[in-house]
Amino acid sequence: MAAAAAEALSRVADVEIDGGGVFKYVLVRVRAAGGPGKDVVRGHGWAEYHADLYERMAQELERQGLGCECLGGGRLSHRPQERKIHVYGYSVGFGRADHSVTTEKLKAKYPDYEITWADEGY
């Protein structure tokens, strides 16, 4: 059981964000039952609220036997033509994510980008 949960956890992408634009994001801790966890970033323009992102992700993970908790949110400004992503702002419902953690996740996914963050802004 633990091996299956760990395998399911390993299949969860660290970062899934839209290919460009300004949109909300959430930082989510994903856990296998009784096992280790990892933090992942989800950001999409279709989400009117941070909760929309989190709820969809929670449903998808539940089907895989994984649990999660939202660590906070913010906004991403993704400018692919300039190879830049800026992380900023906060979620009214979930609070401010640790943007430094989000930035490290994004740097791993986009190593040739300039990725910056700031606690200012909404």
# chains A, B, ... in the order shown; residues from 1 in each chain; ligands from 1

call {"tool": "closest_atom_pairs", "arguments": {"of": "segment 99-120 of chain A", "to": "segment 3-23 of chain A", "cutoff": "12 Å", "atoms": "only C-alpha atoms", "output": "JSON lines"}}
result
{"residue": "A:Val101", "atom": "CA", "partner": "A:Asp14", "partner_atom": "CA", "distance": 11.4}
{"residue": "A:Thr102", "atom": "CA", "partner": "A:Val15", "partner_atom": "CA", "distance": 9.0}
{"residue": "A:Thr103", "atom": "CA", "partner": "A:Val15", "partner_atom": "CA", "distance": 10.6}
{"residue": "A:Glu104", "atom": "CA", "partner": "A:Val15", "partner_atom": "CA", "distance": 10.5}
{"residue": "A:Lys105", "atom": "CA", "partner": "A:Val15", "partner_atom": "CA", "distance": 6.8}
{"residue": "A:Leu106", "atom": "CA", "partner": "A:Val15", "partner_atom": "CA", "distance": 6.8}
{"residue": "A:Lys107", "atom": "CA", "partner": "A:Val15", "partner_atom": "CA", "distance": 10.0}
{"residue": "A:Ala108", "atom": "CA", "partner": "A:Val15", "partner_atom": "CA", "distance": 9.0}
{"residue": "A:Lys109", "atom": "CA", "partner": "A:Val15", "partner_atom": "CA", "distance": 6.9}
{"residue": "A:Tyr110", "atom": "CA", "partner": "A:Val15", "partner_atom": "CA", "distance": 9.7}

call {"tool": "select_by_dssp", "arguments": {"residues": "chain A", "states": "strand (DSSP E or B)", "output": "PyMOL selection string"}}
result
chain A and resi 15-17+21-32+37-44+66-79+84-88+91+95-96+114-117

call {"tool": "select_by_dssp", "arguments": {"residues": "chain A", "states": "alpha helix (DSSP H)", "output": "number ranges by chain"}}
result
A: 2-10, 50-63, 99-109

call {"tool": "closest_residue", "arguments": {"among": "A:Lys84, A:Arg75, A:Lys24, A:His50", "to": "Pro111 of chain A", "atoms": "only C-alpha atoms"}}
result
A:Lys84
